[in-house]
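What follows is one structure encoded as structure tokens, with my remarks underneath.
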Amino acid sequence: MPLDVYDSIREQRFAALQAEFMPLLPLTAGTPLTLELGCGHGHYLNAYAAAHPAEFCVGLDLIADRIARAGRKAARARLTNLAFVQAEAALFLQALAAPHPTHPEASPRLRRIFLLFSDPWPKRRHWKHRVMQSTLLDTLATLTDPGATLHFRTDHPDYFIYAQEVVAAHTGWRVAEPEEAPWPFEHVSVFEERALAGTPQSFTALRLETIPSAKIS
Ligand SMILES: C[S@@+](CC[C@H](N)C(=O)[O-])C[C@H]1O[C@@H](n2cnc3c(N)ncnc32)[C@H](O)[C@@H]1O
């Protein structure tokens, strides 16, 4: 696709997120936001939101059909603290970090971020497609306060090592000891069920006090 067409599509999606989705977010100071990047069919986040009614949860995924199914589950369960949105992760975070369309003074803060069974893109030349990137941590650092957590789980051993290395090399985040940040909630998603043939591994990254001069990717 020519670059200018790609840029124009991204701009349109950004504008749609700002106009349609951002106004749905609760802006009450202190309402913790929990985000799942690449939520698939929303199994995990639906169960998480039901168990954490004081948090507002957002699940996002590239695939419209998965988002529709996730949303239907939330509606059946009458969950009001949960929204699903079809969006690319970096673009969504960029829209979240931009001034709010109707409340420019608002500054949404993420308390917990989940990245569960994210596509591993095993070939080195495809690693650029992995959701876990240093630029992602940059953006997340601007949207979080110290102590916020990023929970990563995969059944792909190489992606596990890679993700830990990305965190370890970043000055705004560090890998927590398991006892320091226990896994917050267990619920097996379809993708986790499929992965149980392998051995899922998890870690939590903690947002540090100081962050580098952050850039939005
Ligand atoms: C293997 S599934 C895991 C789904 C879910 N986390 C689970 O554990 O069941 C990975 C999901 O991430 C989504 N995804 C991949 N790259 C993404 C991106 N850049 N932005 C948003 N979603 C993405 C895919 O569409 C897919 O649904």
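We label chains A, B, ... in the order they appear in the structure tokens, count residues from 1 in each chain, and number ligands from 1 in the order shown.
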
Around ligand 1, at most 6 Å away and counting only C-alpha atoms and all ligand atoms, which residues are there? Put them as a list in words, please.
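Final answer, ordered by chain and number: Leu37, Gly38, Cys39, Gly40, Leu60, Asp61, Leu62, Ile63, Ala87, Glu88, Ala89, Leu116, Phe117, Ser118, Asp119, Val131, Ser189, Val190, Phe191 and Glu192 of chain A.
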
Write down as a ChimeraX atom specification the residues belonging to region 13-191 of chain A that are assigned strand (DSSP E or B) by DSSP computed on the backbone.
/A:33-37,56-61,82-86,110-116,144-154,173-175

Could the residues in this selection be saved with N, CA and C atoms as a compact mmCIF listing (two decimals), in the first residue's frame?
# COMPACT_ATOMS: atom_id res chain seq x y z
N LEU A 33 -7.65 2.65 35.08
CA LEU A 33 -7.93 2.01 33.79
C LEU A 33 -7.06 0.77 33.66
N THR A 34 -7.69 -0.31 33.20
CA THR A 34 -6.97 -1.56 32.95
C THR A 34 -7.13 -1.87 31.46
N LEU A 35 -6.03 -2.23 30.82
CA LEU A 35 -6.05 -2.39 29.37
C LEU A 35 -5.52 -3.76 28.99
N GLU A 36 -6.20 -4.43 28.06
CA GLU A 36 -5.60 -5.63 27.47
C GLU A 36 -5.31 -5.34 26.01
N LEU A 37 -4.05 -5.44 25.65
CA LEU A 37 -3.62 -5.22 24.27
C LEU A 37 -3.72 -6.56 23.53
N PHE A 56 -12.09 0.38 35.44
CA PHE A 56 -12.68 0.42 34.10
C PHE A 56 -11.70 -0.27 33.15
N CYS A 57 -12.21 -1.26 32.41
CA CYS A 57 -11.34 -2.10 31.59
C CYS A 57 -11.59 -1.84 30.10
N VAL A 58 -10.52 -1.85 29.35
CA VAL A 58 -10.61 -1.67 27.89
C VAL A 58 -9.84 -2.79 27.22
N GLY A 59 -10.50 -3.48 26.30
CA GLY A 59 -9.84 -4.53 25.52
C GLY A 59 -9.75 -4.07 24.08
N LEU A 60 -8.57 -4.23 23.49
CA LEU A 60 -8.49 -3.84 22.08
C LEU A 60 -7.84 -4.93 21.26
N ASP A 61 -8.30 -4.99 20.03
CA ASP A 61 -7.79 -6.01 19.10
C ASP A 61 -7.96 -5.50 17.68
N LEU A 82 -16.57 -2.06 31.30
CA LEU A 82 -15.77 -2.74 30.28
C LEU A 82 -16.15 -2.26 28.89
N ALA A 83 -15.15 -1.98 28.07
CA ALA A 83 -15.40 -1.60 26.68
C ALA A 83 -14.40 -2.31 25.79
N PHE A 84 -14.84 -2.70 24.61
CA PHE A 84 -13.95 -3.33 23.63
C PHE A 84 -13.88 -2.44 22.40
N VAL A 85 -12.71 -2.34 21.83
CA VAL A 85 -12.56 -1.47 20.68
C VAL A 85 -11.63 -2.12 19.65
N GLN A 86 -12.04 -2.01 18.39
CA GLN A 86 -11.18 -2.52 17.32
C GLN A 86 -10.14 -1.44 17.03
N LEU A 110 -3.35 4.64 33.02
CA LEU A 110 -3.46 3.17 33.02
C LEU A 110 -2.83 2.65 34.30
N ARG A 111 -3.52 1.78 35.01
CA ARG A 111 -2.96 1.18 36.23
C ARG A 111 -2.39 -0.20 35.94
N ARG A 112 -3.10 -0.95 35.07
CA ARG A 112 -2.65 -2.31 34.72
C ARG A 112 -2.78 -2.53 33.23
N ILE A 113 -1.79 -3.15 32.65
CA ILE A 113 -1.83 -3.48 31.22
C ILE A 113 -1.53 -4.98 31.10
N PHE A 114 -2.33 -5.66 30.30
CA PHE A 114 -2.09 -7.09 30.06
C PHE A 114 -1.69 -7.29 28.60
N LEU A 115 -0.69 -8.13 28.41
CA LEU A 115 -0.31 -8.57 27.07
C LEU A 115 -0.17 -10.09 27.16
N LEU A 116 -1.23 -10.79 26.74
CA LEU A 116 -1.34 -12.23 27.00
C LEU A 116 -1.36 -13.00 25.68
N THR A 144 1.15 6.10 32.36
CA THR A 144 1.08 5.41 33.65
C THR A 144 1.81 6.24 34.71
N ASP A 145 1.52 5.91 35.96
CA ASP A 145 2.25 6.51 37.09
C ASP A 145 3.16 5.42 37.67
N PRO A 146 4.15 5.84 38.48
CA PRO A 146 5.03 4.83 39.09
C PRO A 146 4.22 3.76 39.82
N GLY A 147 4.64 2.52 39.68
CA GLY A 147 3.94 1.41 40.35
C GLY A 147 2.94 0.72 39.44
N ALA A 148 2.60 1.35 38.30
CA ALA A 148 1.69 0.67 37.35
C ALA A 148 2.36 -0.62 36.87
N THR A 149 1.54 -1.57 36.44
CA THR A 149 2.10 -2.88 36.09
C THR A 149 1.71 -3.30 34.67
N LEU A 150 2.65 -3.98 34.06
CA LEU A 150 2.43 -4.57 32.73
C LEU A 150 2.64 -6.07 32.88
N HIS A 151 1.59 -6.85 32.60
CA HIS A 151 1.63 -8.29 32.83
C HIS A 151 1.75 -9.01 31.49
N PHE A 152 2.80 -9.79 31.36
CA PHE A 152 3.11 -10.45 30.08
C PHE A 152 3.08 -11.96 30.28
N ARG A 153 2.40 -12.66 29.38
CA ARG A 153 2.37 -14.14 29.44
C ARG A 153 2.43 -14.68 28.02
N THR A 154 3.23 -15.72 27.84
CA THR A 154 3.34 -16.36 26.52
C THR A 154 3.71 -17.82 26.69
N TRP A 173 11.00 1.02 33.03
CA TRP A 173 10.34 -0.17 33.54
C TRP A 173 11.39 -1.16 34.03
N ARG A 174 10.99 -2.05 34.96
CA ARG A 174 11.87 -3.16 35.30
C ARG A 174 11.04 -4.41 35.52
N VAL A 175 11.68 -5.56 35.37
CA VAL A 175 10.99 -6.84 35.60
C VAL A 175 10.92 -7.07 37.11

Quick one: DSSP helix (DSSP H, G or I) residues in chain A, as a count of residues only?
86

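Compared by their closest atoms to Gln94 (chain A), and using only C-alpha atoms, the residues A:Ser8, A:Thr31, A:Thr80, A:Thr142 rank with A:Thr142 nearest.
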
Do you know which residues are at most 12 Å from Pro182 (chain A) counting only C-alpha atoms, after dropping those on the same chain fewer than 4 positions away, and could you put them as a PyMOL selection string?
chain A and resi 149-151+176-178+186+202-206

Need the shell around Gln18 (chain A): protein/DNA/RNA residues with any atom at most 9 Å away, counting only C-alpha atoms. Skip same-chain ones fewer than 5 positions apart. Format as a list in words?
Arg13, Pro23, Ala95, Leu96, Ala98, His100 and Pro101 of chain A

Spatial neighbours of Lys73 (chain A), 9 Å, only C-alpha atoms, chain gap at least 6 places, as an NGL selection string:
:A and (41-43 or 46 or 79)

Selection above as a file: N, CA and C atoms, as a short mmCIF file (atom, residue, chain, number, x, y, z; two decimals), in the first residue's frame:
data_model
loop_
_atom_site.label_atom_id
_atom_site.label_comp_id
_atom_site.auth_asym_id
_atom_site.auth_seq_id
_atom_site.Cartn_x
_atom_site.Cartn_y
_atom_site.Cartn_z
N HIS A 41 -10.88 -12.83 21.88
CA HIS A 41 -12.34 -12.93 22.09
C HIS A 41 -12.77 -12.38 23.44
N GLY A 42 -11.84 -11.82 24.18
CA GLY A 42 -12.21 -11.13 25.43
C GLY A 42 -12.50 -12.03 26.61
N HIS A 43 -12.12 -13.32 26.53
CA HIS A 43 -12.42 -14.22 27.65
C HIS A 43 -11.81 -13.71 28.95
N ASN A 46 -13.27 -10.12 30.16
CA ASN A 46 -14.64 -10.19 30.68
C ASN A 46 -14.63 -10.72 32.11
N LEU A 79 -21.99 -6.09 32.04
CA LEU A 79 -20.84 -5.42 32.63
C LEU A 79 -20.80 -3.96 32.14
#

So, with only C-alpha atoms as the atoms that count, which of A:Leu45, A:Leu91, A:Ala50, A:Ala68 lies closest to Gln12 (chain A)?
A:Leu91

Between A:Leu143, A:Ala169, A:Ala90, A:Pro104, single out the one closest to Arg130 (chain A), counting only C-alpha atoms.
A:Ala90

Using only C-alpha atoms, which of the listed residues (A:Ile67, A:Ala195, A:Ala97, A:Met1) sits closest to Leu140 (chain A)?
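The answer is A:Ala97, which sits nearest to Leu140 (chain A).
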
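Coordinates place CA of Phe185 (chain A) at a distance of 9.8 Å from CA of His52 (chain A).
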
Which residues come within 10 Å of Pro99 (chain A), counting only C-alpha atoms, excluding same-chain residues fewer than 6 positions away, as a VMD selection string?
chain A and resid 18 22 105 to 108
